[in-house]
Amino acid sequence: METNPKSFRKEHLAIRNAMSEKEVAEKSGVIVKRLLQTGWYQNAQEIFAYYPLKNEVDCRALFLQAWSDGKKIALPRTREENQMDFYYIDDFMQLKEGAFHVMEPMENCVRAVPDSVFGRDGSRYGYGKGYYDRFFAKNPKLKRYAVCYANQLEESLVTDIYDVEMHEIYTETEVIRKGV
(Lines give C-alpha, C1' and ligand atoms only; values in the text may rest on other atoms or scores of the structure.)
Protein backbone atom coordinates (compact mmCIF):
# COMPACT_ATOMS: atom_id res chain seq x y z
CA MET A 1 0.00 0.00 0.00
CA GLU A 2 1.23 3.50 -0.89
CA THR A 3 2.23 5.53 2.17
CA ASN A 4 3.41 8.77 0.57
CA PRO A 5 1.11 11.62 1.74
CA LYS A 6 1.54 13.51 -1.54
CA SER A 7 0.48 10.45 -3.56
CA PHE A 8 -2.46 9.73 -1.24
CA ARG A 9 -3.66 13.33 -1.54
CA LYS A 10 -3.42 13.26 -5.31
CA GLU A 11 -5.18 9.90 -5.60
CA HIS A 12 -8.05 10.76 -3.26
CA LEU A 13 -8.54 14.26 -4.64
CA ALA A 14 -8.81 12.74 -8.14
CA ILE A 15 -11.49 10.32 -6.89
CA ARG A 16 -13.40 13.11 -5.16
CA ASN A 17 -13.07 15.52 -8.08
CA ALA A 18 -14.42 12.86 -10.46
CA MET A 19 -17.71 12.71 -8.55
CA SER A 20 -20.72 14.16 -10.37
CA GLU A 21 -22.58 17.20 -9.03
CA LYS A 22 -25.55 14.92 -8.29
CA GLU A 23 -23.38 12.45 -6.34
CA VAL A 24 -21.82 15.27 -4.30
CA ALA A 25 -25.27 16.70 -3.48
CA GLU A 26 -26.73 13.30 -2.50
CA LYS A 27 -23.80 12.22 -0.33
CA SER A 28 -23.44 15.66 1.25
CA GLY A 29 -27.14 15.59 2.14
CA VAL A 30 -26.76 12.25 3.92
CA ILE A 31 -23.68 13.46 5.80
CA VAL A 32 -25.42 16.67 6.92
CA LYS A 33 -28.42 14.64 8.16
CA ARG A 34 -26.02 12.49 10.20
CA LEU A 35 -24.41 15.58 11.71
CA LEU A 36 -27.78 17.11 12.62
CA GLN A 37 -28.71 13.96 14.56
CA THR A 38 -25.64 13.98 16.79
CA GLY A 39 -25.58 14.96 20.42
CA TRP A 40 -22.71 17.34 19.82
CA TYR A 41 -24.79 19.26 17.26
CA GLN A 42 -27.76 19.44 19.62
CA ASN A 43 -25.53 20.76 22.43
CA ALA A 44 -23.36 23.07 20.34
CA GLN A 45 -23.83 26.81 20.56
CA GLU A 46 -21.30 27.48 17.82
CA ILE A 47 -19.90 25.44 14.94
CA PHE A 48 -16.53 26.04 13.34
CA ALA A 49 -16.73 24.82 9.76
CA TYR A 50 -15.55 25.51 6.20
CA TYR A 51 -17.18 26.65 2.98
CA PRO A 52 -17.05 23.88 0.34
CA LEU A 53 -14.66 24.17 -2.58
CA LYS A 54 -14.94 22.01 -5.68
CA ASN A 55 -16.34 18.64 -4.60
CA GLU A 56 -15.75 18.90 -0.85
CA VAL A 57 -18.63 17.77 1.36
CA ASP A 58 -21.19 20.57 1.09
CA CYS A 59 -22.26 21.59 4.61
CA ARG A 60 -24.21 24.71 3.64
CA ALA A 61 -27.48 22.99 4.61
CA LEU A 62 -25.96 22.45 8.06
CA PHE A 63 -25.26 26.19 8.31
CA LEU A 64 -28.86 27.05 7.38
CA GLN A 65 -30.24 24.66 9.98
CA ALA A 66 -27.76 25.88 12.60
CA TRP A 67 -28.77 29.49 12.04
CA SER A 68 -32.43 28.45 12.26
CA ASP A 69 -31.62 26.70 15.57
CA GLY A 70 -29.96 29.84 16.95
CA LYS A 71 -26.38 28.56 16.64
CA LYS A 72 -23.35 30.55 15.48
CA ILE A 73 -21.28 29.55 12.44
CA ALA A 74 -17.57 30.43 12.17
CA LEU A 75 -15.54 29.97 8.99
CA PRO A 76 -11.77 30.25 8.43
CA ARG A 77 -9.97 33.17 6.88
CA THR A 78 -6.33 32.65 5.91
CA ARG A 79 -3.55 35.07 6.67
CA GLU A 80 0.21 35.26 6.21
CA GLU A 81 2.58 32.39 6.96
CA ASN A 82 -0.01 29.62 6.48
CA GLN A 83 -2.08 30.77 9.47
CA MET A 84 -5.84 31.10 9.77
CA ASP A 85 -8.43 32.59 12.08
CA PHE A 86 -12.14 31.85 12.37
CA TYR A 87 -14.82 34.53 12.01
CA TYR A 88 -18.53 34.36 12.77
CA ILE A 89 -20.92 34.84 9.87
CA ASP A 90 -24.67 35.38 9.97
CA ASP A 91 -25.38 34.62 6.30
CA PHE A 92 -23.66 33.76 3.03
CA MET A 93 -23.58 37.42 1.97
CA GLN A 94 -20.71 37.96 4.44
CA LEU A 95 -18.36 35.85 2.31
CA LYS A 96 -15.97 36.82 -0.45
CA GLU A 97 -13.48 34.88 -2.54
CA GLY A 98 -10.15 34.63 -0.76
CA ALA A 99 -6.93 32.64 -0.97
CA PHE A 100 -7.02 29.54 -3.20
CA HIS A 101 -10.49 30.68 -4.49
CA VAL A 102 -12.01 29.65 -1.15
CA MET A 103 -14.99 31.67 0.07
CA GLU A 104 -13.89 33.40 3.28
CA PRO A 105 -15.54 35.71 5.79
CA MET A 106 -15.11 39.41 5.07
CA GLU A 107 -12.91 41.45 7.39
CA ASN A 108 -15.89 42.71 9.40
CA CYS A 109 -17.08 39.22 10.40
CA VAL A 110 -16.34 38.08 13.72
CA ARG A 111 -14.45 24.50 13.31
CA ALA A 112 -15.45 21.03 10.62
CA VAL A 113 -12.39 20.11 8.60
CA PRO A 114 -11.99 19.58 4.83
CA ASP A 115 -9.19 17.26 3.77
CA SER A 116 -8.09 15.00 0.98
CA VAL A 117 -7.96 11.64 2.79
CA PHE A 118 -8.68 10.29 6.28
CA GLY A 119 -7.67 7.18 8.18
CA ARG A 120 -10.22 5.22 10.20
CA ASP A 121 -7.84 5.74 13.13
CA GLY A 122 -8.48 9.51 13.03
CA SER A 123 -5.39 10.36 10.98
CA ARG A 124 -5.73 12.81 8.11
CA TYR A 125 -3.95 14.42 5.21
CA GLY A 126 -5.03 17.93 4.33
CA TYR A 127 -3.75 19.86 1.37
CA GLY A 128 -0.17 19.97 2.61
CA LYS A 129 0.09 23.48 4.08
CA GLY A 130 -0.67 22.64 7.74
CA TYR A 131 -3.36 25.30 8.36
CA TYR A 132 -5.64 23.07 10.41
CA ASP A 133 -2.80 21.26 12.20
CA ARG A 134 -1.46 24.62 13.45
CA PHE A 135 -4.93 25.85 14.40
CA PHE A 136 -5.76 22.68 16.36
CA ALA A 137 -2.33 22.65 18.01
CA LYS A 138 -3.11 26.13 19.38
CA ASN A 139 -6.63 25.02 20.41
CA PRO A 140 -6.16 21.46 21.72
CA LYS A 141 -9.41 21.33 23.71
CA LEU A 142 -11.61 21.76 20.63
CA LYS A 143 -13.50 18.65 19.56
CA ARG A 144 -12.46 17.77 16.01
CA TYR A 145 -15.21 16.47 13.72
CA ALA A 146 -14.45 15.71 10.10
CA VAL A 147 -16.73 15.15 7.13
CA CYS A 148 -15.74 13.27 4.01
CA TYR A 149 -17.02 10.81 1.45
CA ALA A 150 -16.51 7.08 2.07
CA ASN A 151 -14.15 6.99 -0.92
CA GLN A 152 -11.79 9.32 0.99
CA LEU A 153 -11.15 6.73 3.75
CA GLU A 154 -8.17 4.46 4.28
CA GLU A 155 -7.53 2.16 7.24
CA SER A 156 -4.73 4.40 8.51
CA LEU A 157 -2.23 6.96 7.27
CA VAL A 158 1.43 7.48 8.03
CA THR A 159 1.60 10.77 9.90
CA ASP A 160 4.22 12.87 11.64
CA ILE A 161 4.28 14.58 15.03
CA TYR A 162 2.59 17.73 13.67
CA ASP A 163 -0.48 15.95 12.27
CA VAL A 164 -3.55 16.36 14.49
CA GLU A 165 -6.07 13.51 14.60
CA MET A 166 -9.85 13.81 14.37
CA HIS A 167 -12.20 12.66 17.15
CA GLU A 168 -15.03 11.64 14.80
CA ILE A 169 -15.42 11.24 11.04
CA TYR A 170 -18.81 11.43 9.31
CA THR A 171 -19.39 9.94 5.85
CA GLU A 172 -22.51 9.12 3.87
CA THR A 173 -22.21 5.47 4.99
CA GLU A 174 -20.90 5.55 8.56
CA VAL A 175 -19.70 7.44 11.60
CA ILE A 176 -16.24 6.65 12.93
CA ARG A 177 -15.54 7.59 16.54
CA LYS A 178 -12.02 7.78 17.85
CA GLY A 179 -11.42 8.57 21.49
CA VAL A 180 -8.47 10.92 20.93
# chains A, B, ... in the order shown; residues from 1 in each chain; ligands from 1

$ residues_around --residues "Tyr88 in chain A" --least-positions-apart "2" --cutoff "9 Å" --atoms "only C-alpha atoms" --output "list in words"
Glu46, Phe48, Lys72, Ile73, Ala74, Leu75, Phe86, Asp90, Pro105, Cys109 and Val110 of chain A

$ write_last_selection --atoms "N, CA and C atoms" --output "short mmCIF file (atom, residue, chain, number, x, y, z; two decimals), in the first residue's frame"
data_model
loop_
_atom_site.label_atom_id
_atom_site.label_comp_id
_atom_site.auth_asym_id
_atom_site.auth_seq_id
_atom_site.Cartn_x
_atom_site.Cartn_y
_atom_site.Cartn_z
N GLU A 46 -22.00 26.97 18.99
CA GLU A 46 -21.30 27.48 17.82
C GLU A 46 -20.63 26.33 17.10
N PHE A 48 -17.63 25.58 14.17
CA PHE A 48 -16.53 26.04 13.34
C PHE A 48 -16.50 25.09 12.14
N LYS A 72 -24.29 29.70 16.21
CA LYS A 72 -23.35 30.55 15.48
C LYS A 72 -22.49 29.68 14.57
N ILE A 73 -22.16 30.22 13.40
CA ILE A 73 -21.28 29.55 12.44
C ILE A 73 -20.02 30.39 12.29
N ALA A 74 -18.86 29.76 12.39
CA ALA A 74 -17.57 30.43 12.17
C ALA A 74 -16.84 29.72 11.04
N LEU A 75 -16.29 30.51 10.13
CA LEU A 75 -15.54 29.97 8.99
C LEU A 75 -14.12 30.54 9.00
N PHE A 86 -10.73 32.09 12.65
CA PHE A 86 -12.14 31.85 12.37
C PHE A 86 -12.95 33.09 12.68
N ASP A 90 -23.23 35.50 9.74
CA ASP A 90 -24.67 35.38 9.97
C ASP A 90 -25.41 34.93 8.72
N PRO A 105 -14.83 34.59 5.18
CA PRO A 105 -15.54 35.71 5.79
C PRO A 105 -14.86 37.03 5.46
N CYS A 109 -16.40 40.35 9.77
CA CYS A 109 -17.08 39.22 10.40
C CYS A 109 -16.32 38.81 11.65
N VAL A 110 -17.01 38.51 12.51
CA VAL A 110 -16.34 38.08 13.72
C VAL A 110 -15.78 36.62 13.57
#

$ closest_atom_pairs --of "range 18-63 of chain A" --to "range 142-165 of chain A" --cutoff "12 Å" --atoms "only C-alpha atoms" --output "Markdown table"
| residue | atom | partner | partner_atom | distance |
| --- | --- | --- | --- | --- |
| A:Ala18 | CA | A:Asn151 | CA | 11.2 |
| A:Met19 | CA | A:Asn151 | CA | 10.2 |
| A:Glu23 | CA | A:Tyr149 | CA | 10.2 |
| A:Val24 | CA | A:Tyr149 | CA | 8.7 |
| A:Ala25 | CA | A:Tyr149 | CA | 11.3 |
| A:Glu26 | CA | A:Tyr149 | CA | 10.8 |
| A:Lys27 | CA | A:Tyr149 | CA | 7.1 |
| A:Ser28 | CA | A:Tyr149 | CA | 8.0 |
| A:Gly29 | CA | A:Tyr149 | CA | 11.2 |
| A:Val30 | CA | A:Tyr149 | CA | 10.1 |
| A:Ile31 | CA | A:Val147 | CA | 7.3 |
| A:Val32 | CA | A:Val147 | CA | 8.8 |
| A:Lys33 | CA | A:Val147 | CA | 11.7 |
| A:Arg34 | CA | A:Val147 | CA | 10.1 |
| A:Leu35 | CA | A:Val147 | CA | 9.0 |
| A:Thr38 | CA | A:Tyr145 | CA | 11.2 |
| A:Trp40 | CA | A:Lys143 | CA | 9.3 |
| A:Tyr41 | CA | A:Tyr145 | CA | 10.6 |
| A:Ala44 | CA | A:Lys143 | CA | 10.8 |
| A:Glu46 | CA | A:Leu142 | CA | 11.6 |
| A:Ile47 | CA | A:Tyr145 | CA | 10.2 |
| A:Phe48 | CA | A:Arg144 | CA | 9.6 |
| A:Ala49 | CA | A:Tyr145 | CA | 9.4 |
| A:Tyr50 | CA | A:Val147 | CA | 10.5 |
| A:Pro52 | CA | A:Val147 | CA | 11.1 |
| A:Asn55 | CA | A:Tyr149 | CA | 9.9 |
| A:Glu56 | CA | A:Cys148 | CA | 7.4 |
| A:Val57 | CA | A:Cys148 | CA | 6.0 |
| A:Asp58 | CA | A:Val147 | CA | 9.3 |
| A:Cys59 | CA | A:Val147 | CA | 8.9 |
| A:Leu62 | CA | A:Val147 | CA | 11.8 |

$ select_by_dssp --residues "chain A" --states "strand (DSSP E)" --output "CSV table (one decimal) with N, CA and C atoms, in the first residue's frame"
chain,number,residue,atom,x,y,z
A,46,GLU,N,-22.0,27.0,19.0
A,46,GLU,CA,-21.3,27.5,17.8
A,46,GLU,C,-20.6,26.3,17.1
A,47,ILE,N,-20.5,26.5,15.8
A,47,ILE,CA,-19.9,25.4,14.9
A,47,ILE,C,-18.8,26.1,14.1
A,48,PHE,N,-17.6,25.6,14.2
A,48,PHE,CA,-16.5,26.0,13.3
A,48,PHE,C,-16.5,25.1,12.1
A,72,LYS,N,-24.3,29.7,16.2
A,72,LYS,CA,-23.3,30.5,15.5
A,72,LYS,C,-22.5,29.7,14.6
A,73,ILE,N,-22.2,30.2,13.4
A,73,ILE,CA,-21.3,29.6,12.4
A,73,ILE,C,-20.0,30.4,12.3
A,74,ALA,N,-18.9,29.8,12.4
A,74,ALA,CA,-17.6,30.4,12.2
A,74,ALA,C,-16.8,29.7,11.0
A,75,LEU,N,-16.3,30.5,10.1
A,75,LEU,CA,-15.5,30.0,9.0
A,75,LEU,C,-14.1,30.5,9.0
A,76,PRO,N,-13.2,29.8,8.4
A,76,PRO,CA,-11.8,30.3,8.4
A,76,PRO,C,-11.5,31.3,7.4
A,77,ARG,N,-10.5,32.2,7.8
A,77,ARG,CA,-10.0,33.2,6.9
A,77,ARG,C,-8.5,33.0,7.0
A,78,THR,N,-7.8,32.8,5.9
A,78,THR,CA,-6.3,32.6,5.9
A,78,THR,C,-5.6,34.0,6.0
A,79,ARG,N,-4.4,33.9,6.6
A,79,ARG,CA,-3.6,35.1,6.7
A,79,ARG,C,-2.1,34.6,6.4
A,83,GLN,N,-1.3,30.7,8.3
A,83,GLN,CA,-2.1,30.8,9.5
A,83,GLN,C,-3.5,31.0,9.1
A,84,MET,N,-4.4,30.8,10.0
A,84,MET,CA,-5.8,31.1,9.8
A,84,MET,C,-6.5,31.4,11.1
A,85,ASP,N,-7.6,32.2,11.0
A,85,ASP,CA,-8.4,32.6,12.1
A,85,ASP,C,-9.9,32.3,11.7
A,86,PHE,N,-10.7,32.1,12.7
A,86,PHE,CA,-12.1,31.8,12.4
A,86,PHE,C,-12.9,33.1,12.7
A,87,TYR,N,-14.0,33.4,11.8
A,87,TYR,CA,-14.8,34.5,12.0
A,87,TYR,C,-16.3,34.1,11.9
A,88,TYR,N,-17.1,34.7,12.8
A,88,TYR,CA,-18.5,34.4,12.8
A,88,TYR,C,-19.2,35.0,11.6
A,89,ILE,N,-20.1,34.3,10.9
A,89,ILE,CA,-20.9,34.8,9.9
A,89,ILE,C,-22.4,34.6,10.2
A,95,LEU,N,-19.5,36.6,2.8
A,95,LEU,CA,-18.4,35.9,2.3
A,95,LEU,C,-17.9,36.5,1.0
A,96,LYS,N,-16.6,36.4,0.8
A,96,LYS,CA,-16.0,36.8,-0.5
A,96,LYS,C,-14.9,35.8,-0.8
A,97,GLU,N,-14.5,35.8,-2.1
A,97,GLU,CA,-13.5,34.9,-2.5
A,97,GLU,C,-12.1,35.3,-2.0
A,103,MET,N,-14.1,30.6,-0.5
A,103,MET,CA,-15.0,31.7,0.1
A,103,MET,C,-14.6,31.8,1.5
A,104,GLU,N,-14.3,33.1,1.9
A,104,GLU,CA,-13.9,33.4,3.3
A,104,GLU,C,-14.7,34.5,3.8
A,105,PRO,N,-14.8,34.6,5.2
A,105,PRO,CA,-15.5,35.7,5.8
A,105,PRO,C,-14.9,37.0,5.5
A,117,VAL,N,-7.8,13.1,2.4
A,117,VAL,CA,-8.0,11.6,2.8
A,117,VAL,C,-7.9,11.5,4.3
A,118,PHE,N,-8.6,10.6,4.8
A,118,PHE,CA,-8.7,10.3,6.3
A,118,PHE,C,-8.4,8.8,6.5
A,119,GLY,N,-7.8,8.5,7.7
A,119,GLY,CA,-7.7,7.2,8.2
A,119,GLY,C,-8.8,6.9,9.2
A,124,ARG,N,-5.2,12.1,9.2
A,124,ARG,CA,-5.7,12.8,8.1
A,124,ARG,C,-4.6,13.4,7.3
A,125,TYR,N,-4.8,13.6,6.0
A,125,TYR,CA,-4.0,14.4,5.2
A,125,TYR,C,-4.8,15.6,4.7
A,145,TYR,N,-14.3,17.3,14.5
A,145,TYR,CA,-15.2,16.5,13.7
A,145,TYR,C,-14.9,16.7,12.2
A,146,ALA,N,-14.7,15.6,11.5
A,146,ALA,CA,-14.4,15.7,10.1
A,146,ALA,C,-15.6,15.2,9.3
A,147,VAL,N,-15.8,15.7,8.1
A,147,VAL,CA,-16.7,15.1,7.1
A,147,VAL,C,-16.0,14.8,5.8
A,153,LEU,N,-11.6,7.4,2.6
A,153,LEU,CA,-11.1,6.7,3.8
A,153,LEU,C,-10.1,5.7,3.4
A,154,GLU,N,-9.1,5.6,4.3
A,154,GLU,CA,-8.2,4.5,4.3
A,154,GLU,C,-8.2,3.9,5.7
A,168,GLU,N,-14.0,12.4,15.5
A,168,GLU,CA,-15.0,11.6,14.8
A,168,GLU,C,-15.0,12.0,13.3
A,169,ILE,N,-15.4,11.0,12.5
A,169,ILE,CA,-15.4,11.2,11.0
A,169,ILE,C,-16.8,10.8,10.6
A,170,TYR,N,-17.5,11.7,9.8
A,170,TYR,CA,-18.8,11.4,9.3
A,170,TYR,C,-18.8,11.3,7.8
A,175,VAL,N,-20.3,6.5,10.7
A,175,VAL,CA,-19.7,7.4,11.6
A,175,VAL,C,-18.6,6.7,12.3
A,176,ILE,N,-17.4,7.3,12.3
A,176,ILE,CA,-16.2,6.6,12.9
A,176,ILE,C,-15.9,7.5,14.1
A,177,ARG,N,-15.9,6.9,15.3
A,177,ARG,CA,-15.5,7.6,16.5
A,177,ARG,C,-14.2,7.1,17.1

$ atom_distance --atom1 "CA of Asn139 in chain A" --atom2 "CA of Asn82 in chain A"
16.1 Å

$ atom_distance --atom1 "CA of Arg16 in chain A" --atom2 "CA of Lys129 in chain A"
19.4 Å

$ residues_around --residues "Gln42 in chain A" --least-positions-apart "6" --cutoff "10 Å" --atoms "only C-alpha atoms" --output "mmCIF file with N, CA and C atoms, in the first residue's frame"
data_model
loop_
_atom_site.group_PDB
_atom_site.id
_atom_site.type_symbol
_atom_site.label_atom_id
_atom_site.label_comp_id
_atom_site.auth_asym_id
_atom_site.auth_seq_id
_atom_site.Cartn_x
_atom_site.Cartn_y
_atom_site.Cartn_z
ATOM 1 N N LEU A 35 -24.931 14.577 10.783
ATOM 2 C CA LEU A 35 -24.412 15.583 11.707
ATOM 3 C C LEU A 35 -25.528 16.194 12.548
ATOM 4 N N LEU A 36 -26.659 16.486 11.915
ATOM 5 C CA LEU A 36 -27.778 17.114 12.619
ATOM 6 C C LEU A 36 -28.376 16.218 13.694
ATOM 7 N N ALA A 66 -28.376 25.344 11.375
ATOM 8 C CA ALA A 66 -27.759 25.876 12.599
ATOM 9 C C ALA A 66 -28.248 27.297 12.868
ATOM 10 N N ASP A 69 -31.614 27.198 14.185
ATOM 11 C CA ASP A 69 -31.623 26.701 15.566
ATOM 12 C C ASP A 69 -30.955 27.667 16.546
ATOM 13 N N LYS A 71 -27.808 28.829 16.430
ATOM 14 C CA LYS A 71 -26.383 28.557 16.643
ATOM 15 C C LYS A 71 -25.538 29.523 15.811
#
